[in-house]
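Text of model37.txt, listed as compact mmCIF, C-alpha atoms:
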# COMPACT_ATOMS: atom_id res chain seq x y z
CA MET A 20 110.65 63.03 86.75
CA ILE A 21 111.98 59.69 88.01
CA ASP A 22 110.10 57.28 90.19
CA GLU A 23 112.90 54.94 91.24
CA PHE A 24 113.03 56.26 94.81
CA SER A 25 109.35 56.65 95.61
CA GLY A 26 107.14 54.32 97.60
CA ASP A 27 108.40 50.76 97.60
CA ASN A 28 110.22 51.01 94.27
CA PHE A 29 113.63 50.28 95.78
CA ASP A 30 115.16 48.01 98.38
CA HIS A 31 114.72 49.61 101.81
CA GLY A 32 116.73 46.86 103.56
CA PRO A 33 119.57 48.84 105.12
CA HIS A 34 117.96 52.26 105.16
CA LYS A 35 115.83 52.26 108.34
CA PHE A 36 112.88 54.02 106.77
CA ILE A 37 109.80 53.27 104.70
CA GLY A 38 108.37 55.36 101.89
CA GLY A 39 110.32 57.54 99.51
CA ALA A 40 110.21 60.48 97.13
CA TYR A 41 110.10 61.20 93.46
CA VAL A 42 112.85 63.32 91.97
CA GLY A 43 111.83 65.82 89.32
CA ALA A 44 113.40 68.67 87.36
CA ILE A 45 110.54 71.01 88.10
CA MET A 46 110.84 74.73 87.47
CA THR A 47 107.55 76.37 88.36
CA ASN A 48 108.86 79.69 87.00
CA GLY A 49 111.36 82.40 87.85
CA ARG A 50 109.47 84.55 90.34
CA PRO A 51 111.78 87.55 90.60
CA ILE A 52 111.15 88.20 94.28
CA GLU A 53 111.02 84.56 95.43
CA PHE A 54 113.50 82.92 93.11
CA HIS A 55 117.06 84.20 93.34
CA PRO A 56 119.34 81.19 93.64
CA THR A 57 122.90 81.83 94.79
CA PRO A 58 125.71 79.38 95.54
CA PRO A 59 126.51 78.52 99.16
CA GLY A 60 128.76 81.16 100.70
CA THR A 61 127.21 84.05 98.78
CA PRO A 62 126.63 87.16 100.93
CA ALA A 63 122.98 87.59 101.95
CA TRP A 64 122.80 91.17 100.60
CA GLY A 65 124.88 93.85 98.92
CA LEU A 66 126.87 93.95 95.71
CA GLY A 67 128.17 90.38 96.06
CA TRP A 68 124.64 89.05 96.44
CA LYS A 69 123.33 91.07 93.52
CA GLN A 70 126.09 89.98 91.17
CA ALA A 71 125.64 86.34 92.19
CA VAL A 72 121.90 86.55 91.46
CA ALA A 73 122.58 88.11 88.07
CA ARG A 74 125.06 85.38 87.26
CA HIS A 75 122.95 82.43 88.44
CA TYR A 76 119.32 83.44 87.94
CA ASN A 77 119.19 82.11 84.41
CA HIS A 78 121.73 79.33 84.91
CA THR A 79 120.14 77.30 87.68
CA VAL A 80 118.09 74.12 87.63
CA VAL A 81 115.95 73.04 90.55
CA LEU A 82 115.63 69.34 91.33
CA THR A 83 112.59 68.68 93.47
CA VAL A 84 112.57 65.81 95.97
CA HIS A 85 108.90 65.31 96.77
CA GLY A 86 108.48 62.77 99.53
CA SER A 87 106.02 60.81 101.56
CA SER A 88 104.81 61.92 104.97
CA HIS A 89 103.78 59.26 107.43
CA PRO A 90 101.14 59.66 110.10
CA THR A 91 102.31 59.40 113.71
CA ARG A 92 100.42 59.75 116.97
CA ALA A 93 102.38 62.90 117.80
CA ASN A 94 101.07 64.70 114.69
CA TYR A 95 97.42 65.70 114.89
CA LEU A 96 94.77 68.35 114.36
CA ASP A 97 92.48 69.62 117.10
CA LEU A 98 90.36 72.63 117.97
CA ASP A 99 92.37 75.51 119.29
CA PRO A 100 91.47 76.28 122.92
CA THR A 101 92.24 80.01 122.55
CA TYR A 102 92.03 81.34 118.99
CA LYS A 103 88.67 81.80 117.27
CA ASP A 104 87.50 82.80 113.81
CA ALA A 105 85.28 85.73 112.85
CA TRP A 106 82.19 83.78 113.95
CA GLY A 107 83.61 82.85 117.34
CA LEU A 108 84.32 79.25 116.38
CA PRO A 109 87.64 77.67 117.37
CA LEU A 110 90.40 77.66 114.77
CA LEU A 111 91.94 74.40 113.67
CA ARG A 112 95.25 73.80 115.44
CA MET A 113 97.97 71.75 113.75
CA THR A 114 100.64 69.96 115.77
CA PHE A 115 103.30 68.62 113.44
CA ASP A 116 106.96 67.75 113.11
CA PHE A 117 108.82 65.35 110.83
CA PRO A 118 109.17 61.86 112.30
CA ASP A 119 112.62 60.18 112.23
CA ASN A 120 111.45 58.01 109.36
CA ASP A 121 110.77 60.96 107.10
CA ILE A 122 114.02 62.73 108.03
CA ARG A 123 115.98 59.61 107.05
CA MET A 124 113.99 59.25 103.84
CA SER A 125 114.57 62.88 102.86
CA SER A 126 118.29 62.60 103.59
CA TYR A 127 118.64 59.45 101.48
CA VAL A 128 116.70 60.60 98.43
CA THR A 129 118.23 64.09 98.51
CA GLU A 130 121.67 62.47 98.32
CA LYS A 131 120.51 60.66 95.21
CA ALA A 132 119.23 63.93 93.71
CA VAL A 133 122.57 65.62 94.43
CA ALA A 134 124.34 62.78 92.62
CA ILE A 135 121.98 63.25 89.68
CA GLY A 136 122.74 66.99 89.70
CA ARG A 137 126.47 66.27 89.56
CA ALA A 138 125.97 63.81 86.70
CA MET A 139 124.01 66.52 84.87
CA GLY A 140 127.17 68.61 84.92
CA GLY A 141 126.23 71.13 87.60
CA LYS A 142 129.20 73.25 88.65
CA THR A 143 127.75 73.76 92.09
CA VAL A 144 125.21 71.29 93.43
CA ALA A 145 123.59 71.95 96.79
CA GLY A 146 121.10 69.66 98.53
CA ALA A 147 118.72 70.74 101.27
CA PRO A 148 117.18 67.69 102.95
CA ARG A 149 114.32 68.25 105.38
CA GLN A 150 115.26 69.22 108.90
CA ARG A 151 113.51 69.67 112.18
CA PRO A 152 111.71 71.60 113.35
CA TYR A 153 109.02 71.80 110.70
CA THR A 154 108.58 75.46 109.93
CA THR A 155 105.71 77.41 108.44
CA MET A 156 108.20 80.02 107.25
CA VAL A 157 109.38 78.01 104.23
CA TYR A 158 107.05 76.72 101.57
CA GLN A 159 107.21 72.90 101.70
CA THR A 160 104.22 72.12 99.48
CA THR A 161 100.73 72.41 100.88
CA HIS A 162 98.97 69.13 100.22
CA ASN A 163 98.06 68.53 103.80
CA THR A 164 96.13 65.36 104.49
CA GLY A 165 94.31 63.81 107.42
CA GLY A 166 92.10 65.17 110.17
CA ALA A 167 88.91 63.15 109.58
CA VAL A 168 90.23 59.76 108.60
CA MET A 169 88.30 56.92 106.98
CA GLY A 170 88.16 53.58 108.73
CA ASP A 171 86.09 50.52 109.57
CA ASP A 172 85.86 51.23 113.29
CA PRO A 173 84.05 54.27 114.76
CA LYS A 174 86.47 54.16 117.71
CA THR A 175 89.49 54.89 115.54
CA SER A 176 88.08 56.81 112.57
CA VAL A 177 85.76 59.71 111.81
CA VAL A 178 84.09 58.57 108.58
CA ASN A 179 83.19 55.21 107.11
CA ARG A 180 84.25 53.94 103.70
CA TYR A 181 81.67 56.21 102.02
CA LEU A 182 83.10 59.33 103.72
CA GLN A 183 79.98 59.35 105.89
CA SER A 184 80.33 60.54 109.47
CA TRP A 185 79.98 57.73 111.98
CA ASP A 186 78.29 60.11 114.43
CA VAL A 187 75.97 62.08 112.14
CA PRO A 188 74.86 60.06 109.12
CA ASN A 189 73.73 63.00 107.00
CA VAL A 190 77.23 64.53 107.18
CA PHE A 191 79.76 63.53 104.52
CA VAL A 192 83.35 64.74 104.75
CA VAL A 193 84.90 64.84 101.28
CA GLY A 194 88.58 65.61 100.95
CA ALA A 195 92.16 64.66 101.70
CA SER A 196 91.06 64.71 105.34
CA ALA A 197 90.03 61.07 104.75
CA PHE A 198 93.60 59.75 104.74
CA ALA A 199 96.47 60.74 107.00
CA HIS A 200 99.21 59.15 104.92
CA ASN A 201 100.61 61.34 102.17
CA ALA A 202 102.28 58.89 99.84
CA THR A 203 104.75 61.00 97.85
CA TYR A 204 102.51 62.24 95.04
CA ASN A 205 99.96 65.01 95.24
CA PRO A 206 96.70 63.61 96.63
CA THR A 207 94.20 65.37 94.37
CA ASP A 208 93.53 62.43 92.07
CA THR A 209 92.83 60.22 95.06
CA VAL A 210 90.50 62.85 96.47
CA GLY A 211 88.67 62.97 93.13
CA ALA A 212 88.27 59.20 93.05
CA LEU A 213 86.98 59.16 96.63
CA THR A 214 84.49 61.89 95.72
CA TYR A 215 83.06 59.85 92.85
CA TRP A 216 82.93 56.85 95.17
CA ALA A 217 81.05 58.78 97.87
CA LEU A 218 78.66 60.40 95.38
CA ASP A 219 77.81 57.03 93.88
CA ALA A 220 76.97 55.69 97.34
CA ILE A 221 74.92 58.77 98.21
CA LYS A 222 72.95 58.61 94.97
CA ASN A 223 72.37 54.88 94.78
CA GLN A 224 72.15 53.93 98.46
CA TYR A 225 71.80 56.83 100.88
CA LEU A 226 69.05 58.79 99.09
CA LYS A 227 66.92 55.66 98.77
CA SER A 228 67.27 54.89 102.45
CA PRO A 229 68.87 57.68 104.49
CA GLY A 230 70.86 56.50 107.48
CA PRO A 231 74.19 54.92 108.29
CA MET A 232 75.48 53.01 105.26
CA VAL A 233 77.86 50.90 107.32
CA ARG A 234 76.52 49.06 110.35
CA THR A 235 78.91 48.23 113.15
CA MET B 16 103.56 100.86 120.85
CA THR B 17 106.95 102.50 120.60
CA ASP B 18 108.70 100.72 123.41
CA LEU B 19 110.00 97.86 121.30
CA SER B 20 113.61 97.12 121.92
CA ARG B 21 116.03 97.69 119.07
CA ARG B 22 116.45 93.96 118.62
CA ALA B 23 112.71 93.42 118.43
CA VAL B 24 112.32 96.19 115.89
CA ILE B 25 114.95 94.80 113.57
CA LYS B 26 113.79 91.23 113.87
CA ALA B 27 110.17 92.12 113.43
CA THR B 28 110.80 94.22 110.39
CA GLY B 29 112.70 91.39 108.80
CA ALA B 30 109.73 89.12 109.34
CA ALA B 31 107.51 91.40 107.32
CA GLY B 32 109.44 90.59 104.20
CA VAL B 33 112.05 93.29 103.86
CA SER B 34 115.25 93.18 105.81
CA ILE B 35 116.18 96.47 107.33
CA LEU B 36 119.82 96.96 108.09
CA PRO B 37 120.88 96.80 111.68
CA VAL B 38 121.38 100.34 112.88
CA GLY B 39 125.11 99.94 113.31
CA LEU B 40 125.54 99.18 109.64
CA ALA B 41 123.26 101.86 108.34
CA GLY B 42 124.68 104.81 110.19
CA HIS B 43 127.22 106.59 108.10
CA GLU B 44 126.85 105.98 104.44
CA ALA B 45 123.76 106.88 102.53
CA THR B 46 126.25 108.68 100.44
CA ALA B 47 126.08 111.64 98.18
CA GLN B 48 127.25 109.21 95.54
CA GLU B 49 124.07 107.18 95.90
CA ALA B 50 121.98 110.29 95.77
CA ALA B 51 123.85 111.45 92.72
CA THR B 52 123.30 108.10 91.02
CA VAL B 53 119.59 108.64 91.17
CA GLY B 54 119.84 111.97 89.48
CA ALA B 55 122.29 110.74 86.90
CA ARG B 56 120.01 107.90 85.84
CA GLY B 57 117.07 110.22 85.61
CA ALA B 58 114.78 108.27 87.91
CA GLN B 59 111.19 109.38 88.04
CA PRO B 60 110.34 111.27 91.20
CA THR B 61 108.47 109.18 93.69
CA THR B 62 105.31 110.43 95.25
CA TYR B 63 105.18 108.72 98.60
CA LEU B 64 101.74 107.95 99.91
CA PHE B 65 102.79 106.21 103.11
CA PHE B 66 106.34 107.13 104.10
CA ASN B 67 107.04 110.55 105.51
CA PRO B 68 110.32 112.16 104.34
CA GLU B 69 112.31 110.88 107.30
CA GLU B 70 111.07 107.32 106.82
CA ALA B 71 111.65 107.50 103.08
CA ALA B 72 115.23 108.65 103.63
CA PHE B 73 115.99 105.60 105.73
CA VAL B 74 114.24 103.15 103.41
CA GLU B 75 115.98 104.60 100.37
CA ALA B 76 119.37 104.35 102.03
CA ALA B 77 118.65 100.85 103.28
CA VAL B 78 117.58 99.40 99.92
CA ALA B 79 120.55 101.10 98.25
CA ARG B 80 122.83 99.22 100.63
CA LEU B 81 120.98 95.93 100.24
CA ILE B 82 120.97 95.97 96.43
CA PRO B 83 123.39 98.69 95.29
CA ALA B 84 123.88 100.04 91.78
CA ASP B 85 126.97 98.93 89.90
CA ASP B 86 128.46 99.74 86.52
CA LYS B 87 126.19 97.26 84.74
CA TRP B 88 122.82 97.51 86.41
CA PRO B 89 120.83 99.91 88.55
CA GLY B 90 120.23 99.09 92.20
CA ALA B 91 117.05 98.78 94.23
CA LEU B 92 116.82 102.55 94.69
CA GLU B 93 117.12 103.32 91.00
CA VAL B 94 114.41 100.86 89.99
CA GLY B 95 111.96 102.19 92.54
CA VAL B 96 111.89 99.55 95.27
CA PRO B 97 111.03 102.17 97.94
CA ASN B 98 108.09 103.22 95.77
CA TYR B 99 106.90 99.61 95.55
CA ILE B 100 107.14 99.15 99.32
CA ASP B 101 105.39 102.48 99.85
CA LYS B 102 102.41 101.54 97.69
CA GLN B 103 102.14 98.09 99.26
CA LEU B 104 102.15 99.60 102.74
CA ASN B 105 99.52 102.12 101.70
CA GLY B 106 97.14 99.45 100.40
CA ALA B 107 95.43 96.27 101.51
CA TRP B 108 98.71 94.45 102.18
CA GLY B 109 99.86 97.21 104.50
CA ALA B 110 96.55 97.07 106.35
CA GLY B 111 97.10 93.39 107.05
CA GLU B 112 94.05 92.42 105.06
CA ARG B 113 94.96 88.73 105.04
CA LEU B 114 96.49 88.49 108.50
CA TYR B 115 94.78 86.87 111.47
CA ARG B 116 94.48 89.85 113.76
CA SER B 117 92.91 88.69 117.01
CA GLY B 118 95.00 88.11 120.09
CA PRO B 119 96.25 87.06 122.45
CA TRP B 120 99.70 87.63 121.02
CA GLN B 121 102.48 85.38 122.18
CA ALA B 122 106.17 85.27 121.42
CA GLY B 123 105.76 82.11 119.35
CA THR B 124 108.63 80.06 118.01
CA SER B 125 110.88 80.77 115.07
CA SER B 126 109.02 78.13 113.07
CA GLN B 127 105.65 79.82 113.58
CA GLY B 128 106.39 82.98 111.65
CA TYR B 129 105.08 86.45 112.27
CA GLN B 130 103.36 86.75 115.64
CA LEU B 131 103.18 90.50 116.33
CA PRO B 132 99.92 92.47 116.60
CA PHE B 133 101.04 95.09 114.07
CA THR B 134 99.80 95.30 110.52
CA PRO B 135 102.71 95.71 108.09
CA ALA B 136 101.95 99.44 107.93
CA GLU B 137 101.94 99.74 111.71
CA LEU B 138 105.12 97.69 111.90
CA TYR B 139 107.00 99.90 109.46
CA ARG B 140 105.80 103.10 111.10
CA THR B 141 106.71 101.88 114.57
CA ALA B 142 110.04 100.38 113.57
CA LEU B 143 111.17 103.26 111.37
CA GLY B 144 110.18 105.75 114.07
CA ALA B 145 112.22 103.87 116.65
CA ILE B 146 115.20 103.54 114.32
CA ASN B 147 115.19 107.18 113.39
CA ALA B 148 114.77 108.24 117.01
CA GLU B 149 117.76 106.17 117.97
CA LEU B 150 119.83 107.48 115.08
CA LYS B 151 119.03 111.06 116.05
CA ALA B 152 120.12 110.36 119.59
CA LYS B 153 123.43 108.90 118.46
CA THR B 154 124.81 109.26 114.96
CA PRO B 155 122.97 111.78 112.85
CA PHE B 156 121.45 109.96 109.94
CA ALA B 157 122.57 110.51 106.41
CA PRO B 158 121.63 113.45 104.26
CA ARG B 159 118.48 112.92 102.31
CA SER B 160 118.66 111.74 98.79
CA SER B 161 117.55 113.74 95.82
CA MET B 162 114.64 111.34 95.44
CA THR B 163 113.35 112.31 98.82
CA ARG B 164 113.69 115.97 98.05
CA MET B 165 111.61 115.45 94.96
CA SER B 166 109.02 113.43 96.76
CA THR B 167 105.72 114.60 98.04
CA SER B 168 104.75 113.11 101.33
CA ILE B 169 101.12 112.50 101.98
CA ARG B 170 100.66 110.93 105.34
CA SER B 171 98.04 108.28 105.63
CA TRP B 172 98.06 107.50 109.28
CA PRO B 173 96.29 105.84 110.96
CA PRO B 174 95.73 103.10 108.36
CA ALA B 175 92.25 102.18 107.22
CA ARG B 176 91.96 99.48 109.83
CA ALA B 177 92.74 100.98 113.19
CA VAL B 178 94.78 99.34 115.90
CA ARG B 179 92.58 97.28 118.13

Do you think you could lay out the structure here as structure tokens?
Amino acid sequence: MIDEFSGDNFDHGPHKFIGGAYVGAIMTNGRPIEFHPTPPGTPAWGLGWKQAVARHYNHTVVLTVHGSSHPTRANYLDLDPTYKDAWGLPLLRMTFDFPDNDIRMSSYVTEKAVAIGRAMGGKTVAGAPRQRPYTTMVYQTTHNTGGAVMGDDPKTSVVNRYLQSWDVPNVFVVGASAFAHNATYNPTDTVGALTYWALDAIKNQYLKSPGPMVRT
Amino acid sequence: MTDLSRRAVIKATGAAGVSILPVGLAGHEATAQEAATVGARGAQPTTYLFFNPEEAAFVEAAVARLIPADDKWPGALEVGVPNYIDKQLNGAWGAGERLYRSGPWQAGTSSQGYQLPFTPAELYRTALGAINAELKAKTPFAPRSSMTRMSTSIRSWPPARAVR
């Protein structure tokens, strides 16, 4: 795993984007149904496909480019006006596509990963930078963030700095929902830290004097 | 349920996870050679729980074209892919256990994935029926493989969870 192209670890001067991605040689495993790498130009089925899979299955390395995702006003979650769950409550509706910034970032860092792949001695190196439209058909990691963001103003945020709802003080929303900005790495550690932070406030402040812990 | 156009049937079946050959490609060649290969390799007979013989014949021919046997390795037919699909369709996956199954159904976009009201089992039954009906009307479909002849077909229709 290299960190040279994540966050602000490199000069963004000419690149027209902020953020970045880590590059890692990450093989999760060789799922026989999901993982059958073939070089570009391989037939999609038939004998040619089969022989290419047999040749390359055990001779392929995956370089992962795992990038940041920036919040924009056009990307949001709301309650679906039509579809409901088993209890008749509205489903959550996600409206999302990659902003220009993230497309440029993915293109830039993927180029770097391809160069690394060539330097590793790969006979065939193929990069697949992110493209629009965002699709649910391809797994693109599932560390979704945002939806009930933390802030210091009830007009522009859902919870205060203790993950306490501005509107209903005995409701605490704990999770990656608190921050809309996914900054390259998986957010679970941040979520854990926020949980400890909220629990400490609940135990040492809220339970002694229930009510809003931040006055506006 | 059976008035899907040919294009819709093929596209929809692909979305369920297994690509079915377009009819034009599948027509003439589920060959005796493929059938013979099964026998020669001594494959275990498959007891189909979901597919009827006609459906099984098409699926067997289709997977044999998608991943054929060669002189080094068996193909999808020889290693029992139709049996795997059959058992999946006959179980919870086929019944759409994890699918959201309340309408209204809309065409959706290509980035939104599967948007049809059918469970996988319903989708296969509907699509294979339409394909076989069309093949009967035009080019007679291939002779059945030895695996199909050996198979016992136990129909399990309708699936556990009925159509709305």

Can you build me a table of chain A residues sitting at most 10 Å from chain B, with the closest atom pair per residue and its distance in Å to one decimal, using only C-alpha atoms, sorted by chain and residue number, as a tab-separated table?
residue	atom	partner	partner_atom	distance
A:Ala63	CA	B:Leu81	CA	8.7
A:Trp64	CA	B:Leu81	CA	5.1
A:Gly65	CA	B:Leu81	CA	4.6
A:Leu66	CA	B:Pro83	CA	5.9
A:Gly67	CA	B:Ile82	CA	9.1
A:Trp68	CA	B:Ile82	CA	7.8
A:Lys69	CA	B:Ile82	CA	6.2
A:Gln70	CA	B:Asp85	CA	9.1
A:Ala73	CA	B:Trp88	CA	9.5
A:Thr101	CA	B:Pro119	CA	8.1
A:Tyr102	CA	B:Gly118	CA	7.5
A:Lys103	CA	B:Ser117	CA	8.1
A:Asp104	CA	B:Ser117	CA	8.6
A:Ala105	CA	B:Ser117	CA	9.2
A:Arg151	CA	B:Ser126	CA	9.6
A:Pro152	CA	B:Ser126	CA	7.1
A:Tyr153	CA	B:Ser126	CA	6.8
A:Thr154	CA	B:Ser126	CA	4.1
A:Thr155	CA	B:Gln127	CA	5.7
A:Met156	CA	B:Gly128	CA	5.6
A:Val157	CA	B:Ser126	CA	8.8

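Straight-line separation from CA of Ala136 (chain B) to CA of Ala77 (chain B): 17.4 Å.
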
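Note that the spacing between CA of Val210 (chain A) and CA of Arg180 (chain A) amounts to 13.1 Å.
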
Review point. What is the CA of Thr160 (chain A) to CA of Glu130 (chain A) distance in Å?
Key: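 Between CA of Thr160 (chain A) and CA of Glu130 (chain A) the gap is 20.0 Å.
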
Practice item. Check the smallest atom-to-atom distance from each of A:Ser88, A:Thr235, A:Ser176, A:Asn28 to Ala202 (chain A) using all atoms listed in the file, then report the winner. Key: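 Checking each candidate against Ala202 (chain A), we get A:Ser88 as the closest.
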
Review point. Leaving out Ile37 (chain A) and any residue of its chain fewer than 2 positions from it, which residues lie within 7 Å of it when counting all atoms listed in the file, given as a list of chain:residue names?
Key: A:His31, A:Gly39, A:Asn120

Exercise for review: Would you mind listing what lies within 10 Å of Pro206 (chain A) as a ChimeraX atom specification, with all atoms listed in the file counted and same-chain residues fewer than 5 positions away left out?
Suggested key: /A:162-164,194-195,198,200-201,211

Show me that you can extract region 200-212 of chain A, keeping N, CA and C atoms, and write it as a JSON list (two decimals), in the first residue's frame.
[["chain", "number", "residue", "atom", "x", "y", "z"],
["A", 200, "HIS", "N", -18.09, 13.57, 3.77],
["A", 200, "HIS", "CA", -16.86, 13.54, 3.00],
["A", 200, "HIS", "C", -16.13, 12.22, 3.28],
["A", 201, "ASN", "N", -15.99, 11.39, 2.26],
["A", 201, "ASN", "CA", -15.25, 10.15, 2.42],
["A", 201, "ASN", "C", -13.82, 10.38, 1.96],
["A", 202, "ALA", "N", -12.91, 10.42, 2.91],
["A", 202, "ALA", "CA", -11.55, 10.87, 2.61],
["A", 202, "ALA", "C", -10.60, 9.71, 2.36],
["A", 203, "THR", "N", -10.82, 8.99, 1.29],
["A", 203, "THR", "CA", -9.92, 7.95, 0.80],
["A", 203, "THR", "C", -10.00, 6.64, 1.58],
["A", 204, "TYR", "N", -9.69, 6.69, 2.89],
["A", 204, "TYR", "CA", -9.63, 5.44, 3.65],
["A", 204, "TYR", "C", -11.00, 5.07, 4.19],
["A", 205, "ASN", "N", -11.13, 3.77, 4.50],
["A", 205, "ASN", "CA", -12.40, 3.31, 5.07],
["A", 205, "ASN", "C", -12.72, 4.08, 6.35],
["A", 206, "PRO", "N", -13.98, 4.41, 6.56],
["A", 206, "PRO", "CA", -14.35, 5.34, 7.64],
["A", 206, "PRO", "C", -14.59, 4.69, 9.00],
["A", 207, "THR", "N", -14.39, 3.39, 9.11],
["A", 207, "THR", "CA", -14.83, 2.71, 10.33],
["A", 207, "THR", "C", -14.11, 3.20, 11.58],
["A", 208, "ASP", "N", -12.82, 3.44, 11.47],
["A", 208, "ASP", "CA", -12.09, 3.93, 12.65],
["A", 208, "ASP", "C", -12.63, 5.28, 13.13],
["A", 209, "THR", "N", -12.93, 6.13, 12.17],
["A", 209, "THR", "CA", -13.51, 7.44, 12.52],
["A", 209, "THR", "C", -14.86, 7.26, 13.19],
["A", 210, "VAL", "N", -15.65, 6.34, 12.67],
["A", 210, "VAL", "CA", -16.96, 6.08, 13.26],
["A", 210, "VAL", "C", -16.79, 5.57, 14.70],
["A", 211, "GLY", "N", -15.81, 4.70, 14.92],
["A", 211, "GLY", "CA", -15.55, 4.20, 16.27],
["A", 211, "GLY", "C", -15.16, 5.32, 17.22],
["A", 212, "ALA", "N", -14.30, 6.21, 16.75],
["A", 212, "ALA", "CA", -13.86, 7.32, 17.59],
["A", 212, "ALA", "C", -15.03, 8.24, 17.92]]
